[in-house]
file structure-v9.csv (CSV, C-alpha atoms)
chain,number,residue,atom,x,y,z
K,126,MET,CA,-112.8,-68.1,-21.8
K,127,THR,CA,-109.9,-70.5,-21.6
K,128,LEU,CA,-110.2,-74.1,-20.3
K,129,ASP,CA,-108.7,-72.8,-17.0
K,130,GLY,CA,-111.3,-70.1,-16.8
K,131,VAL,CA,-109.3,-67.1,-17.8
K,132,VAL,CA,-111.1,-64.3,-19.6
K,133,GLU,CA,-108.5,-61.5,-19.4
K,134,SER,CA,-107.1,-60.0,-22.7
K,135,PRO,CA,-108.8,-62.3,-25.2
K,136,GLN,CA,-107.2,-60.2,-28.0
K,137,ASP,CA,-104.0,-61.9,-27.0
K,138,TRP,CA,-105.1,-65.5,-27.4
K,139,SER,CA,-108.5,-65.8,-29.1
K,140,PHE,CA,-107.8,-64.7,-32.7
K,141,PRO,CA,-106.2,-67.9,-34.0
K,142,TYR,CA,-109.5,-69.7,-33.2
K,143,TRP,CA,-111.9,-67.3,-35.0
K,144,SER,CA,-114.4,-69.1,-37.2
K,145,ASP,CA,-117.4,-68.3,-39.4
K,146,LYS,CA,-119.6,-69.8,-36.7
K,147,THR,CA,-118.2,-67.6,-34.0
K,148,ALA,CA,-118.6,-64.6,-36.3
K,149,LYS,CA,-122.2,-65.4,-37.0
K,150,PHE,CA,-122.9,-66.0,-33.3
K,151,LYS,CA,-121.4,-62.7,-32.3
K,152,TRP,CA,-123.3,-60.9,-35.0
K,153,ASP,CA,-126.7,-62.5,-34.1
K,154,GLU,CA,-126.0,-61.7,-30.5
K,155,LEU,CA,-125.4,-58.1,-31.3
K,156,LEU,CA,-128.6,-57.9,-33.4
K,157,ALA,CA,-130.6,-59.2,-30.4
K,158,THR,CA,-129.0,-56.6,-28.1
K,159,ASP,CA,-130.3,-53.1,-27.6
K,160,ALA,CA,-128.0,-52.0,-24.8
K,161,HIS,CA,-124.4,-52.6,-23.6
K,162,LEU,CA,-123.7,-52.7,-19.9
K,163,LEU,CA,-120.0,-52.4,-19.1
K,164,GLY,CA,-117.6,-51.9,-16.3
K,165,ARG,CA,-115.3,-48.9,-16.6
K,166,VAL,CA,-112.1,-50.7,-17.7
K,167,THR,CA,-113.9,-52.7,-20.5
K,168,TYR,CA,-115.9,-49.6,-21.5
K,169,GLU,CA,-112.7,-47.5,-22.0
K,170,GLY,CA,-111.1,-50.4,-24.0
K,171,PHE,CA,-114.2,-50.8,-26.2
K,172,ALA,CA,-114.5,-47.1,-26.8
K,173,ALA,CA,-110.9,-46.8,-27.9
K,174,ALA,CA,-111.3,-49.9,-30.2
K,175,TRP,CA,-114.6,-49.1,-31.8
K,176,LEU,CA,-115.0,-45.3,-32.0
K,177,ASP,CA,-113.4,-44.7,-35.4
K,178,ARG,CA,-114.0,-48.1,-36.8
K,179,THR,CA,-116.4,-49.2,-39.7
K,180,ASP,CA,-116.9,-52.5,-41.5
K,181,ALA,CA,-118.9,-53.7,-44.4
K,182,GLN,CA,-121.3,-55.8,-42.2
K,183,GLY,CA,-122.1,-52.8,-39.9
K,184,PHE,CA,-120.8,-54.5,-36.7
K,185,ALA,CA,-118.9,-51.4,-35.7
K,186,ASP,CA,-121.7,-49.0,-36.6
K,187,ARG,CA,-124.0,-51.0,-34.3
K,188,MET,CA,-121.5,-51.1,-31.5
K,189,ASN,CA,-121.1,-47.4,-31.8
K,190,SER,CA,-124.8,-46.5,-32.0
K,191,LEU,CA,-126.3,-48.7,-29.3
K,192,PRO,CA,-126.8,-47.2,-25.9
K,193,LYS,CA,-124.0,-47.9,-23.5
K,194,TYR,CA,-124.3,-48.0,-19.7
K,195,VAL,CA,-121.0,-47.8,-17.9
K,196,VAL,CA,-120.8,-48.6,-14.2
K,197,SER,CA,-118.1,-46.5,-12.5
K,198,THR,CA,-117.6,-44.4,-9.4
K,199,SER,CA,-114.7,-42.5,-10.9
K,200,LEU,CA,-115.6,-41.8,-14.5
K,201,LYS,CA,-116.5,-38.1,-15.0
K,202,LYS,CA,-117.4,-38.1,-18.7
K,203,ALA,CA,-118.4,-41.0,-21.0
K,204,GLU,CA,-117.4,-39.8,-24.5
K,205,TRP,CA,-118.4,-42.8,-26.6
K,206,ASN,CA,-121.7,-42.0,-28.4
K,207,ASN,CA,-124.9,-42.7,-26.5
K,208,SER,CA,-123.2,-43.5,-23.2
K,209,HIS,CA,-124.7,-43.2,-19.8
K,210,ILE,CA,-122.8,-43.4,-16.5
K,211,ILE,CA,-124.3,-45.4,-13.6
K,212,LYS,CA,-122.6,-44.2,-10.5
K,213,THR,CA,-124.7,-45.1,-7.4
K,214,ASN,CA,-127.4,-47.5,-6.5
K,215,VAL,CA,-125.9,-49.7,-9.1
K,216,ALA,CA,-127.9,-52.9,-8.5
K,217,ASP,CA,-131.2,-50.9,-8.4
K,218,GLU,CA,-130.4,-48.9,-11.5
K,219,ILE,CA,-129.6,-52.1,-13.4
K,220,ALA,CA,-132.7,-53.9,-12.1
K,221,LYS,CA,-134.7,-50.8,-13.4
K,222,LEU,CA,-132.9,-51.1,-16.8
K,223,LYS,CA,-134.0,-54.7,-17.0
K,224,LYS,CA,-137.6,-53.8,-16.3
K,225,GLN,CA,-137.8,-51.5,-19.3
K,226,SER,CA,-139.2,-53.1,-22.5
K,227,GLY,CA,-136.6,-54.0,-25.1
K,228,ASP,CA,-134.1,-56.6,-26.2
K,229,ASP,CA,-131.1,-58.1,-24.5
K,230,ILE,CA,-128.6,-56.2,-22.4
K,231,LEU,CA,-125.2,-57.5,-23.2
K,232,VAL,CA,-122.3,-57.6,-20.8
K,233,ALA,CA,-118.8,-58.4,-22.1
K,234,GLY,CA,-115.5,-58.4,-20.2
K,235,SER,CA,-116.3,-56.3,-17.1
K,236,MET,CA,-115.2,-58.9,-14.5
K,237,THR,CA,-115.8,-56.7,-11.5
K,238,LEU,CA,-119.3,-55.7,-12.7
K,239,ILE,CA,-120.2,-59.4,-13.4
K,240,ARG,CA,-119.3,-60.4,-9.9
K,241,MET,CA,-121.6,-57.7,-8.6
K,242,LEU,CA,-124.4,-58.8,-11.0
K,243,MET,CA,-124.0,-62.4,-9.9
K,244,GLU,CA,-124.1,-61.4,-6.2
K,245,HIS,CA,-127.4,-59.6,-6.9
K,246,ASP,CA,-128.8,-62.4,-9.0
K,247,LEU,CA,-129.1,-60.1,-12.0
K,248,VAL,CA,-127.6,-62.4,-14.7
K,249,ASP,CA,-130.2,-64.2,-16.8
K,250,GLU,CA,-127.8,-66.0,-19.1
K,251,TYR,CA,-124.2,-66.9,-19.5
K,252,ARG,CA,-122.8,-67.4,-23.0
K,253,LEU,CA,-119.3,-68.9,-22.6
K,254,LEU,CA,-117.1,-69.5,-25.6
K,255,MET,CA,-114.6,-72.1,-24.2
K,256,TYR,CA,-111.3,-72.0,-26.0
K,257,PRO,CA,-109.0,-75.1,-26.3
K,258,ILE,CA,-106.2,-73.4,-24.5
K,259,VAL,CA,-104.8,-73.3,-21.0
K,260,LEU,CA,-103.0,-70.1,-20.0
K,261,GLY,CA,-102.0,-70.7,-16.4
K,262,LYS,CA,-102.3,-67.0,-15.5
K,263,GLY,CA,-104.7,-64.1,-15.9
K,264,LYS,CA,-108.0,-63.0,-14.5
K,265,ARG,CA,-110.8,-65.5,-14.2
K,266,LEU,CA,-114.5,-65.0,-14.9
K,267,PHE,CA,-115.4,-66.9,-11.8
K,268,THR,CA,-113.2,-65.8,-8.8
K,269,ASP,CA,-112.8,-67.4,-5.4
K,270,GLY,CA,-115.9,-67.4,-3.3
K,271,MET,CA,-118.4,-67.3,-6.1
K,272,VAL,CA,-120.8,-70.2,-5.9
K,273,THR,CA,-123.6,-70.9,-8.3
K,274,SER,CA,-125.6,-73.6,-9.9
K,275,LEU,CA,-126.5,-73.3,-13.6
K,276,LYS,CA,-128.7,-75.0,-16.1
K,277,LEU,CA,-127.2,-75.9,-19.5
K,278,THR,CA,-129.3,-74.6,-22.3
K,279,GLU,CA,-127.0,-75.3,-25.3
K,280,SER,CA,-123.6,-76.6,-26.1
K,281,LYS,CA,-122.2,-76.4,-29.6
K,282,PRO,CA,-118.8,-76.8,-31.2
K,283,MET,CA,-118.0,-73.6,-33.2
K,284,GLY,CA,-115.2,-75.0,-35.4
K,285,SER,CA,-111.5,-74.5,-34.6
K,286,GLY,CA,-112.0,-76.2,-31.2
K,287,VAL,CA,-114.1,-73.6,-29.5
K,288,VAL,CA,-117.3,-74.8,-27.7
K,289,LEU,CA,-120.2,-72.5,-27.1
K,290,LEU,CA,-121.7,-73.2,-23.7
K,291,ARG,CA,-125.0,-71.4,-22.7
K,292,TYR,CA,-126.3,-71.5,-19.2
K,293,GLU,CA,-129.1,-70.0,-17.2
K,294,PRO,CA,-129.2,-69.6,-13.4
K,295,ASP,CA,-130.7,-72.6,-11.8
K,296,ARG,CA,-133.0,-70.8,-9.4
K,297,ASN,CA,-134.8,-73.9,-8.1
J,83,MET,CA,-96.3,-95.3,-27.5
J,84,ARG,CA,-99.1,-95.6,-24.9
J,85,LYS,CA,-101.2,-92.6,-24.1
J,86,ILE,CA,-101.8,-91.1,-20.8
J,87,ILE,CA,-105.5,-90.2,-20.5
J,88,VAL,CA,-106.7,-87.8,-17.9
J,89,HIS,CA,-110.2,-88.1,-16.8
J,90,GLU,CA,-111.8,-85.5,-14.5
J,91,PHE,CA,-115.1,-84.3,-13.3
J,92,ILE,CA,-114.7,-80.5,-13.4
J,93,THR,CA,-116.7,-77.4,-12.7
J,94,LEU,CA,-116.9,-74.3,-14.8
J,95,ASP,CA,-114.3,-72.7,-12.5
J,96,GLY,CA,-111.9,-75.6,-12.9
J,97,VAL,CA,-112.5,-77.4,-9.6
J,98,ILE,CA,-111.9,-81.1,-9.4
J,99,GLN,CA,-111.9,-81.7,-5.6
J,100,ALA,CA,-114.2,-84.3,-4.0
J,101,PRO,CA,-116.6,-84.9,-6.9
J,102,GLY,CA,-118.1,-88.1,-5.5
J,103,SER,CA,-118.9,-87.7,-1.8
J,104,PRO,CA,-118.8,-85.1,1.0
J,105,THR,CA,-116.1,-87.0,2.9
J,106,GLU,CA,-113.8,-87.8,-0.1
J,107,ASP,CA,-111.5,-84.8,0.3
J,108,THR,CA,-112.1,-81.9,2.7
J,109,ASP,CA,-108.7,-80.4,2.4
J,110,GLY,CA,-108.7,-76.6,2.6
J,111,GLY,CA,-112.1,-76.7,4.4
J,112,PHE,CA,-113.8,-77.8,1.2
J,113,THR,CA,-117.5,-78.2,1.9
J,114,HIS,CA,-119.0,-79.0,-1.6
J,115,GLY,CA,-118.0,-82.7,-1.8
J,116,GLY,CA,-120.3,-84.8,-3.8
J,117,TRP,CA,-121.2,-82.1,-6.3
J,118,THR,CA,-121.5,-84.5,-9.3
J,119,MET,CA,-124.3,-86.6,-7.7
J,120,PRO,CA,-127.4,-84.6,-8.8
J,121,TYR,CA,-126.1,-84.7,-12.5
J,122,TRP,CA,-125.5,-88.4,-13.0
J,123,HIS,CA,-126.5,-89.8,-16.4
J,124,ASP,CA,-125.8,-93.3,-17.7
J,125,ASP,CA,-123.8,-91.8,-20.6
J,126,ILE,CA,-121.2,-90.8,-18.1
J,127,GLY,CA,-120.8,-94.5,-17.3
J,128,ALA,CA,-120.7,-95.3,-21.0
J,129,HIS,CA,-117.9,-92.7,-21.5
J,130,PHE,CA,-116.0,-94.5,-18.7
J,131,GLY,CA,-116.6,-97.8,-20.5
J,132,GLN,CA,-115.0,-96.5,-23.6
J,133,ILE,CA,-111.9,-95.1,-21.8
J,134,PHE,CA,-111.5,-98.3,-19.8
J,135,ALA,CA,-111.8,-100.5,-22.8
J,136,GLU,CA,-108.7,-98.9,-24.4
J,137,ALA,CA,-106.7,-98.9,-21.2
J,138,ASP,CA,-104.9,-101.5,-18.9
J,139,THR,CA,-103.1,-99.3,-16.4
J,140,LEU,CA,-104.1,-96.8,-13.7
J,141,LEU,CA,-101.7,-94.1,-12.6
J,142,LEU,CA,-102.6,-92.3,-9.4
J,143,GLY,CA,-101.4,-90.0,-6.7
J,144,ARG,CA,-101.2,-91.3,-3.1
J,145,LYS,CA,-104.5,-89.9,-1.9
J,146,THR,CA,-106.6,-91.0,-4.8
J,147,TRP,CA,-104.9,-94.4,-4.8
J,148,GLN,CA,-105.6,-94.9,-1.1
J,149,GLY,CA,-109.2,-93.8,-1.6
J,150,HIS,CA,-109.7,-96.3,-4.4
J,151,GLY,CA,-107.8,-99.0,-2.6
J,152,GLN,CA,-109.9,-98.7,0.6
J,153,ALA,CA,-113.1,-98.9,-1.4
J,154,PHE,CA,-112.1,-101.8,-3.7
J,155,GLU,CA,-109.5,-104.0,-2.0
J,156,PRO,CA,-112.2,-105.5,0.3
J,157,ASN,CA,-114.7,-105.8,-2.6
J,158,PRO,CA,-112.8,-107.1,-5.7
J,159,ALA,CA,-116.1,-108.0,-7.4
J,160,GLU,CA,-117.1,-104.4,-7.5
J,161,ASP,CA,-113.7,-103.1,-8.5
J,162,PRO,CA,-114.0,-101.3,-11.8
J,163,PHE,CA,-110.2,-101.4,-12.1
J,164,SER,CA,-109.9,-105.2,-11.6
J,165,GLY,CA,-107.3,-106.5,-14.1
J,166,PHE,CA,-105.7,-103.1,-14.3
J,167,LYS,CA,-102.1,-102.6,-13.3
J,168,LYS,CA,-101.9,-99.7,-10.8
J,169,TYR,CA,-99.0,-97.3,-10.2
J,170,VAL,CA,-99.1,-95.0,-7.2
J,171,VAL,CA,-96.8,-92.0,-7.1
J,172,SER,CA,-95.7,-91.1,-3.6
J,173,SER,CA,-92.6,-90.0,-1.7
J,174,THR,CA,-94.1,-91.2,1.7
J,175,LEU,CA,-95.7,-94.6,1.1
J,176,LYS,CA,-93.5,-97.6,2.1
J,177,SER,CA,-95.4,-100.1,0.0
J,178,ALA,CA,-98.2,-100.5,-2.4
J,179,ASP,CA,-99.7,-103.6,-0.8
J,180,ALA,CA,-102.9,-102.0,0.2
J,181,TRP,CA,-104.5,-102.5,-3.2
J,182,ARG,CA,-103.9,-105.5,-5.4
J,183,ASP,CA,-101.7,-105.3,-8.6
J,184,SER,CA,-100.2,-102.0,-7.4
J,185,SER,CA,-96.6,-100.8,-7.7
J,186,LEU,CA,-95.0,-97.8,-6.1
J,187,ILE,CA,-93.2,-95.0,-8.0
J,188,SER,CA,-91.3,-93.0,-5.3
J,189,GLY,CA,-88.4,-91.3,-7.1
J,190,ASP,CA,-87.4,-90.0,-10.5
J,191,VAL,CA,-91.1,-89.7,-11.2
J,192,ILE,CA,-91.0,-88.1,-14.7
J,193,ASN,CA,-88.6,-90.7,-16.1
J,194,GLU,CA,-90.5,-93.6,-14.5
J,195,ILE,CA,-93.7,-92.3,-16.1
J,196,ARG,CA,-91.9,-91.8,-19.5
J,197,LYS,CA,-90.6,-95.4,-19.2
J,198,LEU,CA,-94.1,-96.6,-18.4
J,199,LYS,CA,-95.4,-94.8,-21.6
J,200,SER,CA,-92.8,-96.5,-23.8
J,201,GLU,CA,-93.6,-100.0,-22.6
J,202,PRO,CA,-96.0,-102.1,-24.7
J,203,GLY,CA,-99.6,-102.0,-23.6
J,204,LYS,CA,-102.9,-100.1,-23.7
J,205,ASN,CA,-103.6,-96.6,-22.4
J,206,ILE,CA,-102.8,-95.3,-19.0
J,207,ILE,CA,-105.6,-93.6,-17.1
J,208,ILE,CA,-105.3,-91.0,-14.4
J,209,ASP,CA,-108.2,-89.5,-12.4
J,210,GLY,CA,-108.4,-87.4,-9.3
J,211,SER,CA,-104.7,-87.1,-8.2
J,212,SER,CA,-104.5,-83.3,-8.4
J,213,VAL,CA,-100.9,-83.1,-7.2
J,214,LEU,CA,-99.6,-85.7,-9.7
J,215,MET,CA,-101.8,-84.2,-12.4
J,216,HIS,CA,-100.0,-80.9,-12.1
J,217,THR,CA,-96.7,-82.6,-12.5
J,218,LEU,CA,-97.9,-84.5,-15.6
J,219,ILE,CA,-99.4,-81.3,-17.2
J,220,ALA,CA,-96.3,-79.2,-16.3
J,221,ASN,CA,-94.1,-81.8,-18.0
J,222,ASP,CA,-96.3,-82.3,-21.1
J,223,LEU,CA,-96.9,-85.9,-20.3
J,224,VAL,CA,-100.7,-85.9,-20.9
J,225,ASP,CA,-102.0,-87.2,-24.2
J,226,GLU,CA,-105.7,-86.7,-23.8
J,227,TYR,CA,-108.1,-84.8,-21.4
J,228,ALA,CA,-111.5,-86.4,-21.1
J,229,LEU,CA,-113.5,-83.9,-19.1
J,230,HIS,CA,-117.0,-84.0,-17.8
J,231,VAL,CA,-117.8,-80.3,-17.3
J,232,TYR,CA,-120.5,-79.7,-14.7
J,233,PRO,CA,-122.9,-76.6,-14.7
J,234,LEU,CA,-121.5,-75.4,-11.4
J,235,VAL,CA,-119.3,-72.8,-10.0
J,236,LEU,CA,-117.9,-73.7,-6.6
J,237,GLY,CA,-115.6,-70.8,-5.8
J,238,ALA,CA,-113.0,-72.9,-4.0
J,239,GLY,CA,-111.1,-76.2,-4.2
J,240,LYS,CA,-108.3,-78.0,-5.9
J,241,ARG,CA,-108.1,-77.2,-9.6
J,242,LEU,CA,-107.1,-79.3,-12.6
J,243,PHE,CA,-104.6,-77.0,-14.3
J,244,PRO,CA,-101.5,-75.7,-12.6
J,245,GLU,CA,-100.6,-72.0,-12.4
J,246,GLY,CA,-98.0,-70.8,-14.9
J,247,LYS,CA,-98.4,-73.6,-17.5
J,248,HIS,CA,-99.5,-72.7,-21.1
J,249,VAL,CA,-101.1,-75.6,-23.1
J,250,ASN,CA,-102.5,-75.5,-26.6
J,251,LEU,CA,-105.1,-78.2,-27.2
J,252,LYS,CA,-107.4,-79.4,-29.9
J,253,LEU,CA,-111.0,-80.4,-29.4
J,254,ILE,CA,-111.8,-84.0,-30.2
J,255,GLU,CA,-115.4,-84.2,-29.0
J,256,ALA,CA,-118.0,-82.1,-27.2
J,257,THR,CA,-121.3,-83.9,-26.3
J,258,SER,CA,-123.9,-82.6,-23.9
J,259,LEU,CA,-125.9,-84.8,-21.6
J,260,PRO,CA,-129.5,-84.2,-20.6
J,261,THR,CA,-128.4,-83.4,-17.0
J,262,GLY,CA,-126.4,-80.4,-18.1
J,263,VAL,CA,-123.0,-82.1,-18.1
J,264,VAL,CA,-120.8,-81.6,-21.2
J,265,TYR,CA,-118.3,-84.2,-22.1
J,266,GLN,CA,-115.3,-82.5,-23.7
J,267,ARG,CA,-112.2,-84.3,-25.0
J,268,TYR,CA,-109.0,-82.6,-25.9
J,269,GLN,CA,-105.6,-83.7,-27.1
J,270,PRO,CA,-102.4,-81.6,-27.3
J,271,ALA,CA,-102.4,-79.4,-30.4

call {"tool": "encode", "arguments": {"input": "structure-v9.csv", "output": "structure tokens"}}
result
Amino acid sequence: MTLDGVVESPQDWSFPYWSDKTAKFKWDELLATDAHLLGRVTYEGFAAAWLDRTDAQGFADRMNSLPKYVVSTSLKKAEWNNSHIIKTNVADEIAKLKKQSGDDILVAGSMTLIRMLMEHDLVDEYRLLMYPIVLGKGKRLFTDGMVTSLKLTESKPMGSGVVLLRYEPDRN
Amino acid sequence: MRKIIVHEFITLDGVIQAPGSPTEDTDGGFTHGGWTMPYWHDDIGAHFGQIFAEADTLLLGRKTWQGHGQAFEPNPAEDPFSGFKKYVVSSTLKSADAWRDSSLISGDVINEIRKLKSEPGKNIIIDGSSVLMHTLIANDLVDEYALHVYPLVLGAGKRLFPEGKHVNLKLIEATSLPTGVVYQRYQPA
């Protein structure tokens, strides 16, 4: 996320700020995750990016092998390995998914889905990597009309000017 | 050259409107005024103290200047800006008499502010002043952003950064306070 709240197309602006700390954070996060929950647009982008990729660390292998839940009313087939489509009763289906035993469910990108998750109070943690850049255009994570109070659980400089901000919903 | 230091209280969605009280600024039907209050921590005052110690001038838009002036002109003893030279930018004000030590900038704003920066002196602080702020940011006149980032999303209100302006920054400091506010300072990269 940029300082002006934009989360669209991070591949266009985030790479110059990549650091060892950010890499370790993303890897640890992936290890603590046992399912991806994605909106259709992000799902299709991820599938295209990861499907044929491998790397020494095994990041791509893990991305490819973990179960994926894609929320979409239009998607007919989910071709990426281990994918499941959630078409209807989305909030209930996701609440059910959360009740299963297991590790974290990770949502990335997926702005439309995140709005719906927030409206149904289904988000348990926000991990924002705040980049030292102002774009002045692009889709924002928090769009007009969203109102929420959070609790800061951690803030940490990640090197190269990025700050990790972790929040939980303030349900009090 | 003196620096222009922007200080703002800001939410995670970039809102800076009416941080201090419900009646401060209700433009656009804004109903969340006073959103900083539950998160006060003495370190916020200490951060102000550091910024003030390195500054001697205040640059404000008309509304923020009028708000400060109404609050402090009758109570000089409580004026945190006492001893500061104030500049108010406005195309409608006739005079800057409503708050002591104030001068009016009414035309050729960019050049007047450039001139101010090149004069000898300490730093120039700007807070609030969302309209003037957009002018300064759009013209690359800001030398430092000191932001108190609040753990809030308000969904509406005046925002710090203008549409259409790209700015690359470098992080100078990120310090979290026990109340959930993170103090983040940036300078142009």

call {"tool": "atom_distance", "arguments": {"input": "structure-v9.csv", "atom1": "CA of Ile211 in chain K", "atom2": "CA of Asp153 in chain K"}}
result
26.8 Å

call {"tool": "interface_residues", "arguments": {"input": "structure-v9.csv", "of": "chain J", "to": "chain K", "cutoff": "9 Å", "atoms": "only C-alpha atoms", "output": "PyMOL selection string"}}
result
chain J and resi 94-96+232-238+241-258+260-264+266+268+271

call {"tool": "closest_residue", "arguments": {"input": "structure-v9.csv", "among": "K:Phe140, K:Phe184, K:Tyr168, K:Trp152", "to": "Ser208 in chain K", "atoms": "only C-alpha atoms"}}
result
K:Tyr168

call {"tool": "residues_around", "arguments": {"input": "structure-v9.csv", "residues": "range 165-170 of chain J", "least_positions_apart": "3", "cutoff": "6 Å", "atoms": "all atoms listed in the file", "output": "list in words"}}
result
Asp138, Thr139, Leu140, Leu141, Leu142, Gly143, Arg144, Asp183, Ser184, Ser185, Leu186 and Ile187 of chain J

call {"tool": "atom_distance", "arguments": {"input": "structure-v9.csv", "atom1": "CA of Pro192 in chain K", "atom2": "CA of Ala216 in chain K"}}
result
18.3 Å

call {"tool": "residues_around", "arguments": {"input": "structure-v9.csv", "residues": "Trp205 in chain K", "least_positions_apart": "3", "cutoff": "8 Å", "atoms": "all atoms listed in the file", "output": "PDB file with C-alpha atoms, in the frame of the given file"}}
result
ATOM      1  CA  ALA K 172    -114.500 -47.100 -26.800  1.00  0.00           C
ATOM      2  CA  LEU K 176    -115.000 -45.300 -32.000  1.00  0.00           C
ATOM      3  CA  ASN K 189    -121.100 -47.400 -31.800  1.00  0.00           C
ATOM      4  CA  SER K 208    -123.200 -43.500 -23.200  1.00  0.00           C
TER       5      SER K 208
END

call {"tool": "residues_around", "arguments": {"input": "structure-v9.csv", "residues": "range 206-211 of chain J", "least_positions_apart": "3", "cutoff": "9 Å", "atoms": "all atoms listed in the file", "output": "PyMOL selection string"}}
result
chain J and resi 84-91+98-101+133-134+136-147+198-199+203+214-216+242

call {"tool": "residues_around", "arguments": {"input": "structure-v9.csv", "residues": "Tyr194 in chain K", "least_positions_apart": "3", "cutoff": "10 Å", "atoms": "all atoms listed in the file", "output": "ChimeraX atom specification"}}
result
/K:160-165,168,191,197,203,207-211,219,222,230,232

call {"tool": "atom_distance", "arguments": {"input": "structure-v9.csv", "atom1": "CA of Glu194 in chain J", "atom2": "CA of Pro158 in chain J"}}
result
27.5 Å

call {"tool": "closest_residue", "arguments": {"input": "structure-v9.csv", "among": "J:Ala128, J:Arg182, J:Ala135, J:Glu106", "to": "Phe154 in chain J", "atoms": "only C-alpha atoms"}}
result
J:Arg182

call {"tool": "closest_residue", "arguments": {"input": "structure-v9.csv", "among": "J:Pro162, J:His150, J:Lys176, J:Gln269", "to": "Ile219 in chain J", "atoms": "all atoms listed in the file"}}
result
J:Gln269

call {"tool": "closest_residue", "arguments": {"input": "structure-v9.csv", "among": "J:Ala228, J:Ala159, J:Val191, J:Leu223", "to": "His129 in chain J", "atoms": "all atoms listed in the file"}}
result
J:Ala228

call {"tool": "build_atoms", "arguments": {"input": "structure-v9.csv", "residues": "range 254-265 of chain J", "atoms": "N, CA and C atoms", "output": "PDB file, keeping the file's coordinate frame"}}
result
ATOM      1  N   ILE J 254    -111.517 -82.733 -29.491  1.00  0.00           N
ATOM      2  CA  ILE J 254    -111.800 -84.000 -30.200  1.00  0.00           C
ATOM      3  C   ILE J 254    -113.310 -84.272 -30.169  1.00  0.00           C
ATOM      4  N   GLU J 255    -113.969 -83.875 -29.098  1.00  0.00           N
ATOM      5  CA  GLU J 255    -115.400 -84.200 -29.000  1.00  0.00           C
ATOM      6  C   GLU J 255    -116.009 -83.227 -27.958  1.00  0.00           C
ATOM      7  N   ALA J 256    -117.259 -82.836 -28.217  1.00  0.00           N
ATOM      8  CA  ALA J 256    -118.000 -82.100 -27.200  1.00  0.00           C
ATOM      9  C   ALA J 256    -119.475 -82.613 -27.326  1.00  0.00           C
ATOM     10  N   THR J 257    -119.919 -83.312 -26.284  1.00  0.00           N
ATOM     11  CA  THR J 257    -121.300 -83.900 -26.300  1.00  0.00           C
ATOM     12  C   THR J 257    -121.964 -83.523 -25.018  1.00  0.00           C
ATOM     13  N   SER J 258    -123.186 -83.006 -25.132  1.00  0.00           N
ATOM     14  CA  SER J 258    -123.900 -82.600 -23.900  1.00  0.00           C
ATOM     15  C   SER J 258    -124.849 -83.736 -23.489  1.00  0.00           C
ATOM     16  N   LEU J 259    -125.039 -83.853 -22.184  1.00  0.00           N
ATOM     17  CA  LEU J 259    -125.900 -84.800 -21.600  1.00  0.00           C
ATOM     18  C   LEU J 259    -127.183 -84.115 -21.082  1.00  0.00           C
ATOM     19  N   PRO J 260    -128.297 -84.829 -20.999  1.00  0.00           N
ATOM     20  CA  PRO J 260    -129.500 -84.200 -20.600  1.00  0.00           C
ATOM     21  C   PRO J 260    -129.475 -83.555 -19.172  1.00  0.00           C
ATOM     22  N   THR J 261    -128.528 -83.981 -18.339  1.00  0.00           N
ATOM     23  CA  THR J 261    -128.400 -83.400 -17.000  1.00  0.00           C
ATOM     24  C   THR J 261    -127.594 -82.152 -16.924  1.00  0.00           C
ATOM     25  N   GLY J 262    -127.122 -81.670 -18.098  1.00  0.00           N
ATOM     26  CA  GLY J 262    -126.400 -80.400 -18.100  1.00  0.00           C
ATOM     27  C   GLY J 262    -124.874 -80.567 -18.072  1.00  0.00           C
ATOM     28  N   VAL J 263    -124.411 -81.815 -18.057  1.00  0.00           N
ATOM     29  CA  VAL J 263    -123.000 -82.100 -18.100  1.00  0.00           C
ATOM     30  C   VAL J 263    -122.546 -82.081 -19.587  1.00  0.00           C
ATOM     31  N   VAL J 264    -121.383 -81.497 -19.877  1.00  0.00           N
ATOM     32  CA  VAL J 264    -120.800 -81.600 -21.200  1.00  0.00           C
ATOM     33  C   VAL J 264    -119.545 -82.355 -21.206  1.00  0.00           C
ATOM     34  N   TYR J 265    -119.489 -83.384 -22.065  1.00  0.00           N
ATOM     35  CA  TYR J 265    -118.300 -84.200 -22.100  1.00  0.00           C
ATOM     36  C   TYR J 265    -117.377 -83.644 -23.211  1.00  0.00           C
TER      37      TYR J 265
END
